[in-house]
$ cat target-v8.pdb   # PDB, C-alpha atoms
ATOM      1  CA  VAL A  19      -3.514  23.836  23.638
ATOM      2  CA  GLY A  20      -1.160  21.105  24.756
ATOM      3  CA  ALA A  21      -4.002  18.852  25.909
ATOM      4  CA  ASP A  22      -4.409  15.575  24.115
ATOM      5  CA  ARG A  23      -8.034  15.525  23.002
ATOM      6  CA  ASN A  24      -7.918  12.370  20.904
ATOM      7  CA  ARG A  25     -10.977  10.265  21.490
ATOM      8  CA  ARG A  26     -12.958   7.625  19.689
ATOM      9  CA  LEU A  27     -15.859   9.225  17.858
ATOM     10  CA  ARG A  28     -17.420   6.080  16.453
ATOM     11  CA  GLU A  29     -16.678   2.461  15.691
ATOM     12  CA  VAL A  30     -17.617   1.376  12.169
ATOM     13  CA  LEU A  31     -17.906  -2.221  10.999
ATOM     14  CA  VAL A  32     -16.057  -2.885   7.744
ATOM     15  CA  GLY A  33     -14.986  -6.042   5.867
ATOM     16  CA  LYS A  34     -12.915  -8.895   7.255
ATOM     17  CA  GLU A  35      -9.378  -8.198   8.488
ATOM     18  CA  PRO A  36      -9.053  -4.432   7.914
ATOM     19  CA  ASN A  37      -5.470  -3.289   7.352
ATOM     20  CA  GLY A  38      -4.527  -0.146   5.469
ATOM     21  CA  VAL A  39      -6.415   3.142   5.614
ATOM     22  CA  ALA A  40      -6.347   6.332   3.556
ATOM     23  CA  LEU A  41      -8.183   9.610   4.033
ATOM     24  CA  ASN A  42      -9.055  11.984   1.212
ATOM     25  CA  PRO A  43      -7.515  15.489   1.383
ATOM     26  CA  GLN A  44     -10.808  17.041   2.520
ATOM     27  CA  GLY A  45     -11.118  14.593   5.420
ATOM     28  CA  THR A  46     -14.606  13.537   4.310
ATOM     29  CA  ARG A  47     -13.944  10.034   2.955
ATOM     30  CA  LEU A  48     -12.002   7.253   4.606
ATOM     31  CA  TYR A  49     -10.930   4.114   2.732
ATOM     32  CA  VAL A  50     -10.142   0.805   4.473
ATOM     33  CA  ALA A  51      -8.470  -2.224   2.830
ATOM     34  CA  ASN A  52     -10.184  -5.440   3.962
ATOM     35  CA  THR A  53      -7.608  -8.170   3.394
ATOM     36  CA  VAL A  54      -9.777 -11.283   3.794
ATOM     37  CA  SER A  55     -12.856  -9.776   2.114
ATOM     38  CA  GLY A  56     -10.931  -8.544  -0.936
ATOM     39  CA  THR A  57     -12.649  -5.178  -0.742
ATOM     40  CA  VAL A  58     -12.112  -1.535   0.130
ATOM     41  CA  SER A  59     -14.715  -0.024   2.462
ATOM     42  CA  VAL A  60     -15.653   3.574   1.689
ATOM     43  CA  ILE A  61     -16.681   5.533   4.767
ATOM     44  CA  ASN A  62     -18.312   8.961   4.740
ATOM     45  CA  VAL A  63     -16.940  11.105   7.558
ATOM     46  CA  ASN A  64     -18.784  14.125   8.964
ATOM     47  CA  ARG A  65     -17.574  15.326  12.346
ATOM     48  CA  ASN A  66     -20.541  17.733  12.618
ATOM     49  CA  SER A  67     -23.121  14.963  12.357
ATOM     50  CA  ALA A  68     -24.527  12.640  15.001
ATOM     51  CA  ASN A  69     -23.658   9.855  12.553
ATOM     52  CA  VAL A  70     -19.961  10.784  12.376
ATOM     53  CA  ALA A  71     -18.928   7.923  10.098
ATOM     54  CA  ARG A  72     -20.826   5.371   8.043
ATOM     55  CA  VAL A  73     -19.890   2.839   5.378
ATOM     56  CA  VAL A  74     -21.434   3.857   2.062
ATOM     57  CA  THR A  75     -20.054   1.148  -0.222
ATOM     58  CA  GLU A  76     -17.595  -1.706  -0.656
ATOM     59  CA  ILE A  77     -15.330  -1.810  -3.733
ATOM     60  CA  LYS A  78     -14.144  -5.220  -4.933
ATOM     61  CA  VAL A  79     -10.389  -5.237  -5.669
ATOM     62  CA  GLY A  80      -7.704  -7.951  -5.977
ATOM     63  CA  THR A  81      -6.864 -10.770  -3.598
ATOM     64  CA  GLU A  82      -5.725  -9.654  -0.137
ATOM     65  CA  PRO A  83      -5.726  -5.853  -0.445
ATOM     66  CA  TYR A  84      -3.309  -4.438   2.084
ATOM     67  CA  GLY A  85      -1.884  -0.966   1.514
ATOM     68  CA  LEU A  86      -3.717   2.181   0.395
ATOM     69  CA  ALA A  87      -2.422   5.525  -0.823
ATOM     70  CA  MET A  88      -4.271   8.461  -2.299
ATOM     71  CA  THR A  89      -2.745  10.969  -4.693
ATOM     72  CA  PRO A  90      -2.042  14.347  -3.047
ATOM     73  CA  ASN A  91      -5.084  16.066  -4.582
ATOM     74  CA  GLY A  92      -7.367  13.056  -4.167
ATOM     75  CA  SER A  93      -7.933  12.135  -7.816
ATOM     76  CA  LYS A  94      -6.917   8.454  -7.498
ATOM     77  CA  LEU A  95      -6.636   5.793  -4.815
ATOM     78  CA  TYR A  96      -4.050   3.006  -5.216
ATOM     79  CA  VAL A  97      -4.481  -0.371  -3.473
ATOM     80  CA  SER A  98      -1.759  -3.032  -3.214
ATOM     81  CA  ASN A  99      -3.177  -6.553  -3.619
ATOM     82  CA  ARG A 100      -0.716  -8.944  -1.933
ATOM     83  CA  ARG A 101      -1.861 -12.251  -3.410
ATOM     84  CA  SER A 102      -2.772 -10.911  -6.867
ATOM     85  CA  ASP A 103       0.655  -9.279  -7.344
ATOM     86  CA  SER A 104      -1.263  -6.248  -8.578
ATOM     87  CA  VAL A 105      -2.313  -2.710  -7.751
ATOM     88  CA  SER A 106      -5.922  -1.569  -8.168
ATOM     89  CA  VAL A 107      -6.479   2.047  -9.203
ATOM     90  CA  ILE A 108      -9.758   3.500  -7.934
ATOM     91  CA  ASP A 109     -11.500   6.675  -9.069
ATOM     92  CA  PRO A 110     -12.773   8.132  -5.765
ATOM     93  CA  ASN A 111     -15.503  10.106  -7.545
ATOM     94  CA  SER A 112     -17.159   7.075  -9.143
ATOM     95  CA  GLY A 113     -16.030   4.529  -6.540
ATOM     96  CA  ARG A 114     -14.920   2.161  -9.295
ATOM     97  CA  VAL A 115     -11.713   0.350 -10.151
ATOM     98  CA  ILE A 116     -10.499   2.085 -13.311
ATOM     99  CA  LYS A 117      -7.406  -0.032 -13.834
ATOM    100  CA  THR A 118      -5.595  -3.052 -12.455
ATOM    101  CA  ILE A 119      -1.810  -2.885 -12.802
ATOM    102  CA  ARG A 120      -0.530  -6.457 -12.978
ATOM    103  CA  ASP A 121       2.896  -7.975 -12.234
ATOM    104  CA  VAL A 122       4.010  -5.209  -9.861
ATOM    105  CA  GLY A 123       6.212  -7.681  -8.003
ATOM    106  CA  PHE A 124       5.973 -10.535  -5.569
ATOM    107  CA  SER A 125       3.513  -9.850  -2.751
ATOM    108  CA  PRO A 126       3.093  -6.039  -3.024
ATOM    109  CA  THR A 127       2.334  -4.611   0.395
ATOM    110  CA  GLY A 128       3.393  -1.071   1.325
ATOM    111  CA  ILE A 129       2.454   1.803  -0.951
ATOM    112  CA  ALA A 130       3.279   5.523  -1.010
ATOM    113  CA  ILE A 131       2.939   8.389  -3.493
ATOM    114  CA  SER A 132       5.210  11.359  -4.141
ATOM    115  CA  ASN A 133       3.934  14.927  -3.806
ATOM    116  CA  ASP A 134       5.566  17.680  -5.810
ATOM    117  CA  GLY A 135       3.163  20.245  -4.318
ATOM    118  CA  ASP A 136       1.284  21.319  -7.430
ATOM    119  CA  GLY A 137      -2.384  20.809  -8.313
ATOM    120  CA  ASP A 138      -1.630  18.047 -10.811
ATOM    121  CA  ASP A 139      -1.797  14.404  -9.697
ATOM    122  CA  ASP A 140      -0.621  13.134 -13.107
ATOM    123  CA  ASP A 141       3.042  13.909 -12.415
ATOM    124  CA  GLU A 142       3.506  11.813  -9.278
ATOM    125  CA  ILE A 143       5.188   8.456  -8.690
ATOM    126  CA  VAL A 144       3.661   5.521  -6.815
ATOM    127  CA  TYR A 145       6.113   3.374  -4.830
ATOM    128  CA  VAL A 146       5.084  -0.224  -4.085
ATOM    129  CA  THR A 147       7.177  -2.382  -1.754
ATOM    130  CA  GLN A 148       7.421  -6.132  -2.131
ATOM    131  CA  PHE A 149       6.921  -7.977   1.139
ATOM    132  CA  PHE A 150       9.662 -10.544   0.552
ATOM    133  CA  ALA A 151      13.264  -9.877  -0.417
ATOM    134  CA  LEU A 152      14.254 -11.436  -3.732
ATOM    135  CA  PRO A 153      17.277 -13.586  -4.588
ATOM    136  CA  ARG A 154      20.346 -11.664  -5.698
ATOM    137  CA  PRO A 155      21.893 -12.946  -8.922
ATOM    138  CA  GLY A 156      25.143 -14.822  -8.355
ATOM    139  CA  ARG A 157      24.641 -15.264  -4.598
ATOM    140  CA  LEU A 158      24.065 -18.523  -2.735
ATOM    141  CA  ASP A 159      20.773 -18.648  -0.858
ATOM    142  CA  GLY A 160      21.518 -18.489   2.848
ATOM    143  CA  GLU A 161      24.426 -16.049   2.614
ATOM    144  CA  ASP A 162      23.877 -12.816   4.514
ATOM    145  CA  ASP A 163      23.773 -10.779   1.321
ATOM    146  CA  ALA A 164      21.871 -13.286  -0.864
ATOM    147  CA  LYS A 165      18.668 -11.250  -1.066
ATOM    148  CA  GLN A 166      17.684  -7.694  -1.933
ATOM    149  CA  GLY A 167      14.603  -5.561  -1.504
ATOM    150  CA  VAL A 168      12.685  -4.268  -4.514
ATOM    151  CA  VAL A 169      10.337  -1.287  -4.807
ATOM    152  CA  THR A 170       8.254  -1.014  -7.987
ATOM    153  CA  THR A 171       7.610   2.482  -9.372
ATOM    154  CA  ILE A 172       4.420   3.446 -11.216
ATOM    155  CA  ARG A 173       3.728   6.739 -13.034
ATOM    156  CA  THR A 174       0.328   8.227 -12.156
ATOM    157  CA  VAL A 175      -0.090   9.775 -15.624
ATOM    158  CA  SER A 176      -0.331   6.363 -17.306
ATOM    159  CA  ASP A 177      -0.805   3.997 -14.358
ATOM    160  CA  GLU A 178       1.927   1.859 -15.902
ATOM    161  CA  ILE A 179       5.000   0.342 -14.253
ATOM    162  CA  ASP A 180       7.938   2.696 -14.744
ATOM    163  CA  GLY A 181      10.706   0.612 -13.208
ATOM    164  CA  ALA A 182      12.074  -0.677  -9.948
ATOM    165  CA  VAL A 183      14.382   0.501  -7.209
ATOM    166  CA  VAL A 184      16.706  -2.211  -5.880
ATOM    167  CA  LEU A 185      17.612  -2.014  -2.215
ATOM    168  CA  PRO A 186      20.881  -3.920  -1.842
ATOM    169  CA  PRO A 187      21.629  -5.802   1.364
ATOM    170  CA  ILE A 188      23.859  -4.264   3.994
ATOM    171  CA  GLY A 189      27.386  -5.417   3.150
ATOM    172  CA  ASP A 190      28.663  -5.745   6.676
ATOM    173  CA  THR A 191      26.315  -5.592   9.633
ATOM    174  CA  GLY A 192      29.089  -6.119  12.138
ATOM    175  CA  PHE A 193      27.603  -9.411  13.308
ATOM    176  CA  ARG A 194      30.205 -12.168  13.580
ATOM    177  CA  ALA A 195      28.920 -15.702  14.111
ATOM    178  CA  ALA A 196      31.196 -18.403  15.488
ATOM    179  CA  GLY A 197      29.974 -20.861  12.861
ATOM    180  CA  ASP A 198      28.945 -20.882   9.228
ATOM    181  CA  SER A 199      26.208 -23.206   7.971
ATOM    182  CA  ILE A 200      27.094 -22.693   4.313
ATOM    183  CA  ALA A 201      30.766 -23.562   4.893
ATOM    184  CA  ARG A 202      29.602 -26.290   7.327
ATOM    185  CA  VAL A 203      31.476 -24.843  10.316
ATOM    186  CA  ALA A 204      29.790 -25.674  13.654
TER
END
$ encode --input "target-v8.pdb" --output "structure tokens"
Amino acid sequence: VGADRNRRLREVLVGKEPNGVALNPQGTRLYVANTVSGTVSVINVNRNSANVARVVTEIKVGTEPYGLAMTPNGSKLYVSNRRSDSVSVIDPNSGRVIKTIRDVGFSPTGIAISNDGDGDDDDEIVYVTQFFALPRPGRLDGEDDAKQGVVTTIRTVSDEIDGAVVLPPIGDTGFRAAGDSIARVA
């Protein structure tokens, strides 16, 4: 109690440029997004075995997979594919991509899933962040408030895009520059 007992149990080779990871609720399967390889490594985990962790398969997904999130009860794994502007939906039981959700936004990266605490994964919402802020209508590019963040929402019941949450820029950050490049003030 109180002692930090974290230690490396094993190093496992996966695809090129591993980024995101997700663990199933039972702690027996680990998923790793391999950005350059375009795959997700599936790793069996057994802390009571001499072979604590081993890669059992690679799942081909979209271009540059980055973020991973598993539904609370472990029925689906969602993978954001940054250069495909898509999200792959994987069935963890079969290890197959069951759907590719296209046009989720420009360069989807971060991904998270709600958890309402029940045993049903079909009533959750997937949140997918876009890496780059997008132009704000009616604003001149270069102004402090010219861009806004966007988070795409997906319903797990249909694996369809439900909408988007717009994150407006901060109106006044308190920063006061002596010049202004847009107004051409040195």
$ closest_residue --input "target-v8.pdb" --among "A:Val58, A:Val169, A:Ile131, A:Ile143" --to "A:Val115" --atoms "all atoms listed in the file"
A:Val58
$ atom_distance --input "target-v8.pdb" --atom1 "atom CA of A:Asp138" --atom2 "atom CA of A:Val60"
23.7 Å
$ resolve_selection --input "target-v8.pdb" --expression "the PyMOL selection byres ((chain A and resi 179) around 12)" --output "mmCIF file with C-alpha atoms, keeping the file's coordinate frame"
data_model
loop_
_atom_site.group_PDB
_atom_site.id
_atom_site.type_symbol
_atom_site.label_atom_id
_atom_site.label_comp_id
_atom_site.auth_asym_id
_atom_site.auth_seq_id
_atom_site.Cartn_x
_atom_site.Cartn_y
_atom_site.Cartn_z
ATOM 1 C CA SER A 104 -1.263 -6.248 -8.578
ATOM 2 C CA VAL A 105 -2.313 -2.710 -7.751
ATOM 3 C CA THR A 118 -5.595 -3.052 -12.455
ATOM 4 C CA ILE A 119 -1.810 -2.885 -12.802
ATOM 5 C CA ARG A 120 -0.530 -6.457 -12.978
ATOM 6 C CA ASP A 121 2.896 -7.975 -12.234
ATOM 7 C CA VAL A 122 4.010 -5.209 -9.861
ATOM 8 C CA GLY A 123 6.212 -7.681 -8.003
ATOM 9 C CA ILE A 143 5.188 8.456 -8.690
ATOM 10 C CA VAL A 144 3.661 5.521 -6.815
ATOM 11 C CA TYR A 145 6.113 3.374 -4.830
ATOM 12 C CA VAL A 146 5.084 -0.224 -4.085
ATOM 13 C CA VAL A 169 10.337 -1.287 -4.807
ATOM 14 C CA THR A 170 8.254 -1.014 -7.987
ATOM 15 C CA THR A 171 7.610 2.482 -9.372
ATOM 16 C CA ILE A 172 4.420 3.446 -11.216
ATOM 17 C CA ARG A 173 3.728 6.739 -13.034
ATOM 18 C CA THR A 174 0.328 8.227 -12.156
ATOM 19 C CA VAL A 175 -0.090 9.775 -15.624
ATOM 20 C CA SER A 176 -0.331 6.363 -17.306
ATOM 21 C CA ASP A 177 -0.805 3.997 -14.358
ATOM 22 C CA GLU A 178 1.927 1.859 -15.902
ATOM 23 C CA ASP A 180 7.938 2.696 -14.744
ATOM 24 C CA GLY A 181 10.706 0.612 -13.208
ATOM 25 C CA ALA A 182 12.074 -0.677 -9.948
ATOM 26 C CA VAL A 183 14.382 0.501 -7.209
#
$ atom_distance --input "target-v8.pdb" --atom1 "atom CA of A:Thr127" --atom2 "atom CA of A:Gly38"
9.6 Å
$ resolve_selection --input "target-v8.pdb" --expression "the PyMOL selection byres ((chain A and resi 52) around 8)" --output "VMD selection string"
chain A and resid 32 to 38 50 to 51 53 to 59 82 to 84
$ residues_near_point --input "target-v8.pdb" --point "(-16.1, 5.3, 11.3)" --cutoff "8 Å" --atoms "only C-alpha atoms" --output "list in words"
Leu27, Arg28, Glu29, Val30, Leu31, Ile61, Asn62, Val63, Val70, Ala71, Arg72 and Val73 of chain A
$ resolve_selection --input "target-v8.pdb" --expression "the PyMOL selection byres ((chain A and resi 153) around 12)" --output "VMD selection string"
chain A and resid 124 150 to 152 154 to 168 184 to 187
$ closest_residue --input "target-v8.pdb" --among "A:Gly192, A:Pro90, A:Gly80, A:Gly85" --to "A:Asn42" --atoms "all atoms listed in the file"
A:Pro90
$ atom_distance --input "target-v8.pdb" --atom1 "atom CA of A:Gly128" --atom2 "atom CA of A:Arg47"
20.7 Å
